[in-house]
Structure formats: structure tokens, C-alpha cells
>>> print(open('final32.cif').read())   # mmCIF, C-alpha atoms and all ligand atoms
data_model
loop_
_atom_site.label_atom_id
_atom_site.label_comp_id
_atom_site.auth_asym_id
_atom_site.auth_seq_id
_atom_site.Cartn_x
_atom_site.Cartn_y
_atom_site.Cartn_z
CA MET A 1 -31.58 24.57 22.34
CA ARG A 2 -31.84 20.81 22.90
CA GLN A 3 -34.68 19.90 25.24
CA ILE A 4 -33.60 18.16 28.41
CA ASN A 5 -34.90 14.72 29.25
CA ARG A 6 -31.86 13.22 30.90
CA ILE A 7 -28.81 14.73 32.57
CA ALA A 8 -25.59 13.23 33.93
CA ILE A 9 -23.59 14.20 37.00
CA SER A 10 -19.86 13.58 37.24
CA THR A 11 -17.56 14.20 40.22
CA GLY A 12 -13.86 14.53 39.43
CA GLY A 13 -10.57 15.20 41.21
CA GLY A 14 -9.98 14.81 44.93
CA ASP A 15 -13.14 14.21 46.94
CA ALA A 16 -14.40 17.07 49.09
CA PRO A 17 -17.03 17.02 51.85
CA GLY A 18 -20.24 18.39 50.30
CA LEU A 19 -20.11 16.46 47.01
CA ASN A 20 -23.00 14.23 48.06
CA ALA A 21 -25.07 17.29 48.93
CA VAL A 22 -24.56 18.51 45.34
CA ILE A 23 -25.58 15.10 43.97
CA ARG A 24 -28.72 15.01 46.13
CA SER A 25 -29.74 18.54 45.33
CA ALA A 26 -29.11 18.30 41.57
CA THR A 27 -30.92 14.96 41.46
CA LEU A 28 -34.01 16.13 43.33
CA ALA A 29 -34.17 19.45 41.44
CA SER A 30 -33.96 17.53 38.15
CA ARG A 31 -36.48 14.87 39.14
CA ASN A 32 -38.87 17.62 40.22
CA ARG A 33 -38.67 18.94 36.65
CA GLY A 34 -39.38 15.49 35.23
CA TRP A 35 -35.79 14.92 34.07
CA ASP A 36 -34.04 11.61 34.33
CA VAL A 37 -30.63 11.65 36.13
CA VAL A 38 -27.61 9.38 36.02
CA GLY A 39 -24.25 9.59 37.77
CA ILE A 40 -21.13 8.74 35.80
CA ARG A 41 -18.84 6.47 37.77
CA ASP A 42 -15.38 7.68 38.82
CA GLY A 43 -15.13 10.97 36.96
CA PHE A 44 -15.54 10.01 33.30
CA ASN A 45 -14.03 6.54 33.70
CA GLY A 46 -17.49 4.96 33.76
CA LEU A 47 -18.04 6.08 30.18
CA LEU A 48 -14.44 5.55 29.06
CA PHE A 49 -14.29 1.99 30.47
CA PRO A 50 -17.94 0.81 30.50
CA GLU A 51 -16.77 -2.81 30.48
CA ASN A 52 -15.39 -2.34 34.01
CA TYR A 53 -18.70 -1.25 35.51
CA PRO A 54 -22.31 -2.42 35.78
CA HIS A 55 -24.93 -0.48 33.74
CA GLY A 56 -22.30 0.71 31.25
CA GLY A 57 -20.58 2.89 33.83
CA VAL A 58 -23.56 5.03 34.82
CA VAL A 59 -25.64 4.87 38.00
CA PRO A 60 -29.33 5.76 37.86
CA LEU A 61 -29.99 8.49 40.44
CA ASP A 62 -33.45 8.79 41.93
CA ARG A 63 -35.07 9.85 45.19
CA GLU A 64 -34.13 6.59 46.88
CA SER A 65 -30.48 6.61 45.85
CA VAL A 66 -29.89 10.15 47.10
CA ARG A 67 -31.86 9.79 50.32
CA GLY A 68 -29.89 10.68 53.47
CA ILE A 69 -26.55 11.40 51.75
CA SER A 70 -26.04 15.14 52.36
CA HIS A 71 -24.22 14.52 55.62
CA LEU A 72 -21.86 11.93 54.13
CA GLY A 73 -18.32 12.78 53.04
CA GLY A 74 -16.97 11.45 49.72
CA THR A 75 -19.08 10.92 46.62
CA ILE A 76 -21.54 8.08 46.04
CA ILE A 77 -20.63 7.96 42.34
CA GLY A 78 -16.85 7.86 42.85
CA SER A 79 -14.13 10.17 41.61
CA THR A 80 -10.68 10.06 40.09
CA ASN A 81 -7.84 12.46 39.51
CA ARG A 82 -6.49 10.30 36.72
CA GLY A 83 -7.82 9.94 33.24
CA ASN A 84 -8.29 13.37 31.71
CA PRO A 85 -10.20 12.34 28.55
CA THR A 86 -8.47 15.06 26.53
CA ALA A 87 -5.00 13.70 27.37
CA PHE A 88 -5.55 10.15 28.46
CA PRO A 89 -2.34 8.31 29.42
CA VAL A 90 -1.92 5.06 27.49
CA GLU A 91 1.03 2.72 28.04
CA GLN A 92 2.88 1.64 24.91
CA PRO A 93 4.31 -1.87 24.31
CA ASP A 94 7.82 -0.49 25.00
CA GLY A 95 6.73 0.78 28.43
CA SER A 96 6.60 4.44 27.43
CA TRP A 97 3.41 6.52 27.79
CA VAL A 98 1.56 8.65 25.30
CA GLU A 99 -1.42 10.93 25.88
CA VAL A 100 -4.45 10.20 23.71
CA ASP A 101 -7.41 12.52 23.10
CA ARG A 102 -10.55 10.47 23.81
CA THR A 103 -13.01 13.36 23.48
CA ASP A 104 -14.94 11.94 20.48
CA GLU A 105 -15.28 8.55 22.13
CA LEU A 106 -16.58 10.18 25.31
CA LEU A 107 -19.08 12.36 23.43
CA ALA A 108 -20.33 9.28 21.57
CA ARG A 109 -20.99 7.57 24.92
CA PHE A 110 -22.99 10.56 26.15
CA ASP A 111 -25.13 10.18 23.00
CA GLU A 112 -25.52 6.41 23.45
CA HIS A 113 -26.86 7.00 26.96
CA GLY A 114 -29.22 9.70 25.73
CA ILE A 115 -27.59 12.29 27.98
CA ASP A 116 -28.63 15.83 27.04
CA ALA A 117 -26.49 17.78 29.50
CA LEU A 118 -23.70 17.29 32.01
CA ILE A 119 -23.19 18.74 35.47
CA THR A 120 -19.48 18.36 36.16
CA VAL A 121 -18.43 18.87 39.76
CA GLY A 122 -14.74 19.44 40.32
CA GLY A 123 -11.72 21.67 40.70
CA ASP A 124 -9.59 23.29 38.01
CA GLY A 125 -8.96 19.98 36.18
CA SER A 126 -12.61 18.89 35.92
CA LEU A 127 -13.82 22.40 35.09
CA THR A 128 -11.25 22.67 32.29
CA ILE A 129 -12.41 19.31 30.91
CA GLY A 130 -16.01 20.53 31.24
CA ASN A 131 -15.19 23.60 29.17
CA HIS A 132 -13.50 21.40 26.57
CA LEU A 133 -16.61 19.18 26.27
CA TYR A 134 -18.82 22.28 26.06
CA ARG A 135 -16.70 23.63 23.20
CA HIS A 136 -17.19 20.26 21.49
CA GLY A 137 -20.97 20.58 21.60
CA LEU A 138 -22.09 19.07 24.93
CA ARG A 139 -24.32 21.16 27.22
CA VAL A 140 -22.25 21.58 30.38
CA ILE A 141 -22.69 23.32 33.73
CA GLY A 142 -19.75 23.30 36.15
CA VAL A 143 -19.93 23.16 39.93
CA PRO A 144 -16.75 24.26 41.73
CA LYS A 145 -15.29 21.93 44.35
CA THR A 146 -12.08 22.00 46.31
CA ILE A 147 -11.01 21.87 49.92
CA ASP A 148 -8.11 24.15 48.92
CA ASN A 149 -10.32 27.26 48.39
CA ASP A 150 -8.13 28.18 45.42
CA LEU A 151 -10.75 28.90 42.73
CA ASP A 152 -10.77 32.61 42.07
CA LYS A 153 -14.22 32.98 40.47
CA THR A 154 -16.21 31.82 43.47
CA THR A 155 -16.12 33.30 46.95
CA ALA A 156 -16.26 29.83 48.47
CA THR A 157 -16.16 26.16 47.60
CA PHE A 158 -17.67 23.42 49.75
CA GLY A 159 -15.13 21.24 51.54
CA PHE A 160 -12.94 24.09 52.70
CA ASP A 161 -14.91 24.82 55.86
CA THR A 162 -14.94 21.14 56.84
CA ALA A 163 -11.19 20.83 56.21
CA VAL A 164 -10.42 23.94 58.26
CA ASP A 165 -12.71 22.83 61.05
CA PHE A 166 -11.08 19.42 61.33
CA ALA A 167 -7.53 20.77 60.99
CA THR A 168 -8.33 23.20 63.81
CA GLU A 169 -9.57 20.37 66.01
CA CYS A 170 -6.42 18.37 65.29
CA ILE A 171 -4.16 21.33 66.12
CA ASP A 172 -6.14 21.90 69.34
CA ARG A 173 -5.35 18.31 70.30
CA LEU A 174 -1.69 18.69 69.37
CA PHE A 175 -1.44 21.67 71.74
CA VAL A 176 -2.17 19.26 74.57
CA THR A 177 0.71 16.91 73.86
CA ALA A 178 3.06 19.73 72.81
CA THR A 179 2.44 21.44 76.15
CA SER A 180 2.84 18.24 78.17
CA HIS A 181 6.20 17.39 76.58
CA GLY A 182 7.53 20.89 75.96
CA ARG A 183 7.96 20.05 72.28
CA VAL A 184 7.73 21.74 68.94
CA ILE A 185 5.03 20.18 66.80
CA VAL A 186 4.99 20.86 63.09
CA VAL A 187 1.61 20.20 61.47
CA GLU A 188 1.54 19.81 57.69
CA VAL A 189 -1.79 20.48 55.99
CA MET A 190 -3.04 20.18 52.40
CA GLY A 191 -3.87 23.10 50.14
CA ARG A 192 -1.61 22.70 47.10
CA TYR A 193 -0.22 26.09 46.05
CA ALA A 194 -2.57 28.10 48.30
CA GLY A 195 -2.15 28.63 52.03
CA TRP A 196 -5.82 29.06 53.00
CA ILE A 197 -6.21 25.88 55.06
CA ALA A 198 -2.94 26.48 56.92
CA LEU A 199 -3.73 30.14 57.58
CA HIS A 200 -7.30 29.68 58.73
CA SER A 201 -6.75 26.58 60.87
CA GLY A 202 -3.46 27.89 62.25
CA MET A 203 -5.07 31.15 63.32
CA ALA A 204 -8.23 29.53 64.67
CA ALA A 205 -6.18 27.12 66.78
CA GLY A 206 -3.67 29.73 67.92
CA ALA A 207 -0.54 28.36 66.24
CA HIS A 208 2.67 30.33 66.81
CA CYS A 209 4.08 30.12 63.29
CA VAL A 210 2.30 29.52 59.98
CA LEU A 211 4.20 28.88 56.75
CA ILE A 212 2.27 29.36 53.51
CA PRO A 213 3.23 29.31 49.81
CA GLU A 214 2.39 32.99 49.39
CA ILE A 215 5.08 34.09 51.88
CA PRO A 216 8.43 32.38 51.24
CA TYR A 217 9.93 31.51 54.61
CA GLU A 218 13.26 31.31 56.41
CA LEU A 219 13.51 29.19 59.54
CA GLY A 220 15.66 31.73 61.42
CA PRO A 221 12.62 33.86 62.38
CA VAL A 222 10.62 30.73 63.22
CA ALA A 223 13.39 29.47 65.53
CA ALA A 224 13.61 32.94 67.09
CA THR A 225 9.89 32.83 67.89
CA ILE A 226 10.31 29.41 69.50
CA ARG A 227 13.28 30.61 71.59
CA GLN A 228 11.50 33.77 72.59
CA ARG A 229 8.51 31.74 73.76
CA GLU A 230 10.85 29.49 75.75
CA GLU A 231 12.33 32.55 77.46
CA ARG A 232 8.81 33.61 78.41
CA GLY A 233 8.19 30.21 79.97
CA ALA A 234 6.22 28.61 77.13
CA ARG A 235 8.26 25.46 76.44
CA PHE A 236 6.18 24.33 73.46
CA SER A 237 5.37 25.76 70.06
CA ILE A 238 3.05 24.84 67.22
CA VAL A 239 4.10 25.45 63.63
CA VAL A 240 1.51 24.92 60.87
CA VAL A 241 3.01 24.35 57.42
CA ALA A 242 1.06 24.32 54.17
CA GLU A 243 2.17 21.44 51.93
CA GLY A 244 3.04 24.00 49.24
CA ALA A 245 5.13 26.26 51.49
CA VAL A 246 8.46 27.28 49.94
CA PRO A 247 11.71 28.35 51.59
CA VAL A 248 13.14 31.68 50.40
CA GLU A 249 15.91 29.86 48.60
CA GLY A 250 14.26 26.65 47.58
CA THR A 251 11.40 24.99 45.83
CA VAL A 252 8.13 23.36 46.74
CA SER A 253 8.45 19.89 48.27
CA VAL A 254 7.21 17.29 45.77
CA LYS A 255 6.72 13.65 46.75
CA GLY A 256 6.28 12.42 43.21
CA LYS A 257 4.27 12.55 40.05
CA ALA A 258 2.36 9.63 38.56
CA ILE A 259 1.56 9.49 34.85
CA GLY A 260 -1.57 11.50 34.08
CA GLN A 261 -1.74 13.08 37.54
CA ALA A 262 -0.78 16.42 39.01
CA GLU A 263 2.40 16.45 41.08
CA GLN A 264 1.90 15.18 44.61
CA LEU A 265 3.05 17.69 47.20
CA GLY A 266 4.22 16.76 50.68
CA GLY A 267 7.15 16.21 52.97
CA ILE A 268 7.81 19.81 53.92
CA GLY A 269 6.66 19.23 57.52
CA ALA A 270 9.41 16.69 58.22
CA THR A 271 12.07 18.95 56.68
CA VAL A 272 10.95 21.93 58.75
CA ALA A 273 10.83 19.85 61.97
CA ALA A 274 14.37 18.46 61.43
CA GLU A 275 15.78 21.92 60.74
CA LEU A 276 14.01 23.46 63.73
CA GLU A 277 15.45 20.75 65.99
CA GLU A 278 18.91 21.76 64.86
CA LEU A 279 18.26 25.47 65.18
CA THR A 280 16.56 25.39 68.58
CA GLY A 281 17.93 22.22 70.21
CA LYS A 282 14.34 21.35 71.06
CA GLU A 283 12.63 18.08 70.31
CA ALA A 284 10.30 18.44 67.32
CA ARG A 285 7.62 16.12 65.94
CA THR A 286 5.74 16.21 62.65
CA VAL A 287 2.09 15.37 62.04
CA VAL A 288 0.81 15.24 58.47
CA LEU A 289 -2.96 15.67 58.35
CA GLY A 290 -3.10 14.88 54.62
CA HIS A 291 -6.20 13.11 53.36
CA LEU A 292 -7.84 13.20 56.80
CA LEU A 293 -8.85 16.73 55.81
CA ARG A 294 -10.98 15.37 52.96
CA GLY A 295 -12.92 12.88 55.06
CA GLY A 296 -15.64 13.18 57.63
CA SER A 297 -19.08 14.65 57.58
CA PRO A 298 -19.40 18.06 55.87
CA THR A 299 -20.12 21.02 58.14
CA ALA A 300 -23.59 22.58 57.88
CA LEU A 301 -22.02 25.40 55.85
CA ASP A 302 -20.54 22.99 53.30
CA ARG A 303 -23.76 20.97 53.08
CA LEU A 304 -25.75 24.12 52.43
CA LEU A 305 -23.28 25.37 49.81
CA GLY A 306 -23.35 21.97 48.08
CA LEU A 307 -27.16 21.96 48.08
CA ARG A 308 -27.27 25.51 46.72
CA PHE A 309 -24.75 24.76 43.98
CA GLY A 310 -26.49 21.52 42.90
CA ALA A 311 -29.91 23.14 42.52
CA ALA A 312 -28.42 26.27 40.91
CA ALA A 313 -26.76 24.06 38.27
CA VAL A 314 -30.15 22.56 37.41
CA ARG A 315 -31.79 26.00 37.29
CA ALA A 316 -28.96 27.12 34.99
CA LEU A 317 -29.86 24.34 32.56
CA GLU A 318 -33.57 25.16 32.77
CA GLU A 319 -32.86 28.85 32.13
CA GLY A 320 -30.83 27.98 29.03
CA HIS A 321 -27.33 28.70 30.36
CA ASP A 322 -24.54 26.68 28.87
CA GLY A 323 -20.78 26.48 29.41
CA VAL A 324 -20.97 28.22 32.77
CA MET A 325 -19.91 27.44 36.32
CA VAL A 326 -22.14 28.20 39.28
CA ALA A 327 -20.32 30.46 41.73
CA LEU A 328 -20.99 31.97 45.11
CA ASN A 329 -21.14 35.73 44.94
CA PRO A 330 -22.75 36.56 48.28
CA PRO A 331 -25.58 36.81 48.92
CA THR A 332 -26.43 34.85 45.80
CA VAL A 333 -25.23 32.14 43.44
CA THR A 334 -24.31 33.45 39.99
CA TYR A 335 -22.92 31.98 36.77
CA VAL A 336 -19.47 32.62 35.29
CA PRO A 337 -18.24 31.34 31.91
CA LEU A 338 -16.42 28.03 32.26
CA ALA A 339 -13.73 29.49 30.01
CA GLU A 340 -12.90 31.97 32.79
CA ALA A 341 -13.52 29.69 35.76
CA THR A 342 -9.95 28.49 36.11
CA ASP A 343 -7.91 31.26 34.55
CA LYS A 344 -6.61 32.48 37.90
CA MET A 345 -5.73 30.69 41.12
CA LYS A 346 -7.04 32.27 44.32
CA THR A 347 -4.10 32.54 46.69
CA VAL A 348 -3.77 34.33 50.01
CA PRO A 349 -3.00 38.05 49.45
CA PRO A 350 0.02 38.61 51.72
CA ASP A 351 -1.36 41.98 52.81
CA CYS A 352 -4.95 40.85 53.46
CA ASP A 353 -6.58 41.63 56.78
CA THR A 354 -6.39 38.00 57.94
CA ILE A 355 -2.60 38.01 57.55
CA ARG A 356 -2.40 41.42 59.19
CA THR A 357 -4.53 40.14 62.06
CA ALA A 358 -2.26 37.11 62.41
CA ARG A 359 0.78 39.39 62.58
CA ASP A 360 -1.00 41.56 65.18
CA LEU A 361 -1.48 38.38 67.21
CA GLY A 362 2.26 37.69 66.97
CA ILE A 363 2.03 34.76 64.53
CA ASN A 364 5.29 34.40 62.64
CA PHE A 365 5.24 33.62 58.89
CA GLY A 366 8.95 32.97 58.66
CA ASP A 367 9.64 36.27 56.94
CA ARG A 368 10.38 38.62 59.89
CA MET A 369 12.10 38.34 63.23
CA PRO A 370 9.62 38.41 66.12
O1 LIG A 401 -6.89 19.53 45.74
C1 LIG A 401 -7.26 18.81 46.85
C2 LIG A 401 -6.10 18.07 47.42
O2 LIG A 401 -6.57 17.40 48.56
C3 LIG A 401 -4.85 18.93 47.70
O3 LIG A 401 -4.98 19.68 48.88
C4 LIG A 401 -3.79 17.87 47.71
O4 LIG A 401 -2.52 18.39 47.37
C5 LIG A 401 -4.24 16.92 46.66
O5 LIG A 401 -5.63 17.08 46.53
C6 LIG A 401 -3.91 15.47 46.98
O6 LIG A 401 -4.37 14.67 45.96
P1 LIG A 401 -4.24 13.08 45.96
O7 LIG A 401 -5.59 12.57 46.38
O8 LIG A 401 -3.92 12.74 44.57
O9 LIG A 401 -3.19 12.69 46.94
#
>>> encode(input="final32.cif", output="C-alpha cells", more="lines below")
Ligand code: F6P
Amino acid sequence: MRQINRIAISTGGGDAPGLNAVIRSATLASRNRGWDVVGIRDGFNGLLFPENYPHGGVVPLDRESVRGISHLGGTIIGSTNRGNPTAFPVEQPDGSWVEVDRTDELLARFDEHGIDALITVGGDGSLTIGNHLYRHGLRVIGVPKTIDNDLDKTTATFGFDTAVDFATECIDRLFVTATSHGRVIVVEVMGRYAGWIALHSGMAAGAHCVLIPEIPYELGPVAATIRQREERGARFSIVVVAEGAVPVEGTVSVKGKAIGQAEQLGGIGATVAAELEELTGKEARTVVLGHLLRGGSPTALDRLLGLRFGAAAVRALEEGHDGVMVALNPPTVTYVPLAEATDKMKTVPPDCDTIRTARDLGINFGDRMP
């Protein structure tokens, strides 16, 4: 196996609090082994478009550059959710787009920079690209990242706890104004096709209805809950809606899809609020938390997970692992083949104890009358 002198770190997809902790940990663990470390700018764009960046699109990472970054949200080396090197969108003279495979070009750039191995930090997209590069001969270790908590092969990903914590704080604040005005407030949260953020923050904050993709909803039961609360003297209600929630007879609410990007979900909160106004006659407002959930300082839990994953990725390289993703399997961090890392999405099991607990608390999921 090729001896390691220099490794690269890449962060891809949507940013998640805890990425900088991974960068710090992987950098220090590598430096302590005498390895040189660089960060690739903006996913793989630094290597694909070196002319747009200083130092040919890579950032030298040393003790100084990673000092005091674990508590910072975002990623110091940048990220992108555009520009999959295996299907890179290129505009044609006639305005149409074709997808070009830039794998060989990218691998050549790794060689030019003397990079012996890659730590790719990302969600399903970046991990799939990582597996592709591994199959084409690059040494690759994946680190799972997503605020959505939807990767099945790891018990947890950093970013989720921070997102849930902040969403909970926001919903707490919305209780105040909802109570003062006797309104319905519909809070839309991210999560793509998984309802984890909505479920956990909605329960933690004490929302009255939670709509998640895993349980198709009807608004009749939601309106009934709101009316029933009114009858009991509670003039306000909080409804948390996951961006990927789907009505029983309908489809997920898509805002759009840019070339080379996944479809952008959103808009369901406004639809639900308008329909609830009609059904209940009560004033309803919508708040979309959106990208706010990706910002801010990572919680201690997410920092620790990021630090554990970053160092585990370096140990994986030292121990000779290749083509694997580090994964939390409490109480330890283990390795799973990258080929299997993204084969299944982790969604909320509709009969799990958290859902059952929510039902015991009287939270309505839009599937049963209260
Ligand atoms: O996967 C993380 C995530 O924040 C999702 O929850 C959300 O749907 C998506 O990314 C938004 O991505 P973008 O940054 O492209 O709007």
C-alpha cells in the first residue's frame, strides 16, 4: 500500500456545524504522524478550477490554520453542492447542458499535488463521489456529515444536534408570540426526505402537531386538534412541518432544481398555514427556519463527534483501511465500506418509540383524529 506523506481533506454538500472540528482533528492527527495536509477548496472545485483559486485550489493546513476553529460553524475550506466531478454540468453553445465525467482530470490533479489519500467529508453525494474515486484507484476515507440525520450506516452525524437545538429554541420563541396573539404558527424546518429535525425539535419544544415525510398527512386531523385546543381555552397552536412532508394525496413541495444540483425542497409551510386558516378560521403565520439551522456554533456533542470522526479517519488510513466511511456505532467509531454507506436512507420509523411517545403526549401527525 502506498505510503502516506500528504493527505487532502474535502468538505462537500451543505455545510453542517462540526465540519471545522473534523478539519482540526484530522489535521492535527495527521501532523502528529508527520504527514502533510491540504484542504481542497469548495468540495473538489479547487482542483477542477485551479485557475480560480490561489495555490492551485488547495489550502495548506497546519497547526496555525486549524487553531481555535472547532467551535465555528461552516467550513474553513469551503463547500459546494454543485459540481459532481463524475457528472459535471457543462453549458453548450446552444444553451443546453451536458454532464461530463471529469474523474481522470481530478485524479491527475491529486497526483500533481502529491496527494496520497483523501478524507472526504459529506453526505450521500460526497460519499458516493468518494467511493467512485476509490474505485478509480485513490485512497479514500469518508466522514459522514448531514444535519438531516438521514445516513443509515452511522448512528449519528454531527450537525443534527445543533440543528435540533436551534430549531427548538426558535419554536420556544414562537410559542411566546403565538400565545400572545392566539394564532396558529406553522414552522417549516429542513431535513429533506427525513423527518428527524421536525420530530425531535417539535417534541422538545412541545409542538401540538408535527408533519413528517414518513407519515403522509391530512389537514382535517390537524385542524381538529387546533379546534379542540381552542375549546379547552388554548387559543394558539404550533405546527412543525418538515420541508419534505407530503399530503396523503399529493407530492413533496419542490421550489426548484438547478442544473447539477439536487431538487430544492420548501414551501410546504405556507401551503399548510393557508389551508389551516381556511379550515379553522384562525389567523395563521409561517416561519421557515431554512438555512438558519445550518449556522451557528456546533453544540459540544457535535464538536466531539466531529473531532472523533476526523481522528478516526486518520487512524483508518494509518491502519491500512481504504474505501471506508467512519461511522458511530456506540460506544465506538467503526468503519463501513463506502460502497454501502449510502445504500439506504435513514428515515423515521413510524412505529418507533419517539413517535409513540409523541402520540402519548397528544401530538398529532395529521393521520388520526385527536
Ligand atoms: O442536506 C442538508 C440540507 O440543509 C437539507 O436539509 C436541505 O434540504 C438542503 O440541504 C438545502 O440545500 P441548499 O443549501 O442547496 O439550499
>>> residues_around(input="final32.cif", residues="region 89-100 of chain A", least_positions_apart="4", cutoff="9 Å", atoms="only C-alpha atoms", output="PyMOL selection string")
chain A and resi 82-85+259-260
>>> closest_atom_pairs(input="final32.cif", of="chain A", to="ligand LIG 401 (chain A)", cutoff="8 Å", atoms="all atoms listed in the file", output="tab-separated table")
residue	atom	partner	partner_atom	distance
A:Gly13	CA	A:LIG401	O1	7.3
A:Gly14	CA	A:LIG401	O7	5.1
A:Asp15	CA	A:LIG401	C1	7.5
A:Ala16	CA	A:LIG401	C1	7.7
A:Asn81	CA	A:LIG401	O8	6.4
A:Gly123	CA	A:LIG401	O1	7.3
A:Thr146	CA	A:LIG401	O1	5.8
A:Ile147	CA	A:LIG401	C1	5.7
A:Asp148	CA	A:LIG401	O3	5.5
A:Val189	CA	A:LIG401	O3	7.8
A:Met190	CA	A:LIG401	O3	4.1
A:Gly191	CA	A:LIG401	O3	3.8
A:Arg192	CA	A:LIG401	O4	4.4
A:Glu243	CA	A:LIG401	O4	7.2
A:Gln261	CA	A:LIG401	O8	7.4
A:Ala262	CA	A:LIG401	O8	7.4
A:Gln264	CA	A:LIG401	O4	6.1
A:Leu265	CA	A:LIG401	O4	5.6
A:Gly266	CA	A:LIG401	O4	7.7
A:Gly290	CA	A:LIG401	O2	7.4
A:His291	CA	A:LIG401	O2	6.4
A:Leu293	CA	A:LIG401	O2	7.6
A:Arg294	CA	A:LIG401	O2	6.6
>>> write_last_selection(input="final32.cif", atoms="C-alpha atoms", output="PDB file, keeping the file's coordinate frame")
ATOM      1  CA  GLY A  13     -10.570  15.200  41.210  1.00  0.00           C
ATOM      2  CA  GLY A  14      -9.980  14.810  44.930  1.00  0.00           C
ATOM      3  CA  ASP A  15     -13.140  14.210  46.940  1.00  0.00           C
ATOM      4  CA  ALA A  16     -14.400  17.070  49.090  1.00  0.00           C
ATOM      5  CA  ASN A  81      -7.840  12.460  39.510  1.00  0.00           C
ATOM      6  CA  GLY A 123     -11.720  21.670  40.700  1.00  0.00           C
ATOM      7  CA  THR A 146     -12.080  22.000  46.310  1.00  0.00           C
ATOM      8  CA  ILE A 147     -11.010  21.870  49.920  1.00  0.00           C
ATOM      9  CA  ASP A 148      -8.110  24.150  48.920  1.00  0.00           C
ATOM     10  CA  VAL A 189      -1.790  20.480  55.990  1.00  0.00           C
ATOM     11  CA  MET A 190      -3.040  20.180  52.400  1.00  0.00           C
ATOM     12  CA  GLY A 191      -3.870  23.100  50.140  1.00  0.00           C
ATOM     13  CA  ARG A 192      -1.610  22.700  47.100  1.00  0.00           C
ATOM     14  CA  GLU A 243       2.170  21.440  51.930  1.00  0.00           C
ATOM     15  CA  GLN A 261      -1.740  13.080  37.540  1.00  0.00           C
ATOM     16  CA  ALA A 262      -0.780  16.420  39.010  1.00  0.00           C
ATOM     17  CA  GLN A 264       1.900  15.180  44.610  1.00  0.00           C
ATOM     18  CA  LEU A 265       3.050  17.690  47.200  1.00  0.00           C
ATOM     19  CA  GLY A 266       4.220  16.760  50.680  1.00  0.00           C
ATOM     20  CA  GLY A 290      -3.100  14.880  54.620  1.00  0.00           C
ATOM     21  CA  HIS A 291      -6.200  13.110  53.360  1.00  0.00           C
ATOM     22  CA  LEU A 293      -8.850  16.730  55.810  1.00  0.00           C
ATOM     23  CA  ARG A 294     -10.980  15.370  52.960  1.00  0.00           C
TER      24      ARG A 294
END
>>> residues_near_point(input="final32.cif", point="(-4.7, 28.6, 40.2)", cutoff="10 Å", atoms="all atoms listed in the file", output="list of chain:residue names")
A:Gly123, A:Asp124, A:Asp150, A:Leu151, A:Asp152, A:Arg192, A:Tyr193, A:Ala194, A:Ala341, A:Thr342, A:Asp343, A:Lys344, A:Met345, A:Lys346, A:Thr347
>>> residues_around(input="final32.cif", residues="Arg308 (chain A)", least_positions_apart="2", cutoff="8 Å", atoms="all atoms listed in the file", output="list in words")
Val22, Ser25, Leu304, Leu305, Gly306, Gly310, Ala311, Ala312 and Val333 of chain A
>>> closest_atom_pairs(input="final32.cif", of="region 96-192 of chain A", to="region 280-283 of chain A", cutoff="12 Å", atoms="only C-alpha atoms", output="JSON lines")
{"residue": "A:Ala178", "atom": "CA", "partner": "A:Glu283", "partner_atom": "CA", "distance": 10.0}
{"residue": "A:His181", "atom": "CA", "partner": "A:Glu283", "partner_atom": "CA", "distance": 9.0}
{"residue": "A:Gly182", "atom": "CA", "partner": "A:Glu283", "partner_atom": "CA", "distance": 8.1}
{"residue": "A:Arg183", "atom": "CA", "partner": "A:Glu283", "partner_atom": "CA", "distance": 5.4}
{"residue": "A:Val184", "atom": "CA", "partner": "A:Glu283", "partner_atom": "CA", "distance": 6.3}
{"residue": "A:Ile185", "atom": "CA", "partner": "A:Glu283", "partner_atom": "CA", "distance": 8.6}
{"residue": "A:Val186", "atom": "CA", "partner": "A:Glu283", "partner_atom": "CA", "distance": 10.9}
>>> residues_around(input="final32.cif", residues="region 210-220 of chain A", least_positions_apart="4", cutoff="6 Å", atoms="all atoms listed in the file", output="PyMOL selection string")
chain A and resi 195+239-242+244-248+365-367
>>> write_last_selection(input="final32.cif", atoms="C-alpha atoms", output="PDB file, keeping the file's coordinate frame")
ATOM      1  CA  GLY A 195      -2.150  28.630  52.030  1.00  0.00           C
ATOM      2  CA  VAL A 239       4.100  25.450  63.630  1.00  0.00           C
ATOM      3  CA  VAL A 240       1.510  24.920  60.870  1.00  0.00           C
ATOM      4  CA  VAL A 241       3.010  24.350  57.420  1.00  0.00           C
ATOM      5  CA  ALA A 242       1.060  24.320  54.170  1.00  0.00           C
ATOM      6  CA  GLY A 244       3.040  24.000  49.240  1.00  0.00           C
ATOM      7  CA  ALA A 245       5.130  26.260  51.490  1.00  0.00           C
ATOM      8  CA  VAL A 246       8.460  27.280  49.940  1.00  0.00           C
ATOM      9  CA  PRO A 247      11.710  28.350  51.590  1.00  0.00           C
ATOM     10  CA  VAL A 248      13.140  31.680  50.400  1.00  0.00           C
ATOM     11  CA  PHE A 365       5.240  33.620  58.890  1.00  0.00           C
ATOM     12  CA  GLY A 366       8.950  32.970  58.660  1.00  0.00           C
ATOM     13  CA  ASP A 367       9.640  36.270  56.940  1.00  0.00           C
TER      14      ASP A 367
END
>>> residues_near_point(input="final32.cif", point="(-23.5, 11.8, 48.1)", cutoff="10 Å", atoms="only C-alpha atoms", output="list in words")
Pro17, Gly18, Leu19, Asn20, Ala21, Val22, Ile23, Arg24, Ser25, Ser65, Val66, Arg67, Gly68, Ile69, Ser70, His71, Leu72, Gly73, Gly74, Thr75, Ile76, Ile77 and Gly78 of chain A
>>> atom_distance(input="final32.cif", atom1="CA of Leu28 (chain A)", atom2="CA of Asp62 (chain A)")
7.5 Å
>>> closest_residue(input="final32.cif", among="A:Thr332, A:Thr225, A:Asn5, A:Thr86", to="Phe44 (chain A)", atoms="only C-alpha atoms")
A:Thr86
>>> residues_around(input="final32.cif", residues="Ala224 (chain A)", least_positions_apart="4", cutoff="7 Å", atoms="only C-alpha atoms", output="VMD selection string")
chain A and resid 220 228 369 to 370
>>> closest_residue(input="final32.cif", among="A:Ala156, A:Thr354, A:Thr103, A:Glu188", to="Tyr134 (chain A)", atoms="only C-alpha atoms")
A:Thr103
>>> residues_around(input="final32.cif", residues="Arg359 (chain A)", least_positions_apart="2", cutoff="12 Å", atoms="all atoms listed in the file", output="list in words")
Leu199, Met203, Gly206, Ala207, His208, Cys209, Val210, Pro350, Asp351, Cys352, Asp353, Thr354, Ile355, Arg356, Thr357, Leu361, Gly362, Ile363, Asn364, Phe365, Gly366, Asp367, Arg368, Met369 and Pro370 of chain A
>>> atom_distance(input="final32.cif", atom1="CA of Asp161 (chain A)", atom2="CA of Val187 (chain A)")
18.0 Å
>>> atom_distance(input="final32.cif", atom1="CA of Ser79 (chain A)", atom2="CA of Gly12 (chain A)")
4.9 Å
>>> closest_residue(input="final32.cif", among="A:Ala29, A:Pro349, A:Ala316, A:Val324", to="Trp196 (chain A)", atoms="only C-alpha atoms")
A:Pro349
>>> closest_residue(input="final32.cif", among="A:Ala270, A:Val348, A:Ala204, A:Ile9", to="Val140 (chain A)", atoms="only C-alpha atoms")
A:Ile9
>>> closest_residue(input="final32.cif", among="A:Glu51, A:Glu249, A:Glu105, A:Glu277", to="Ser237 (chain A)", atoms="all atoms listed in the file")
A:Glu277
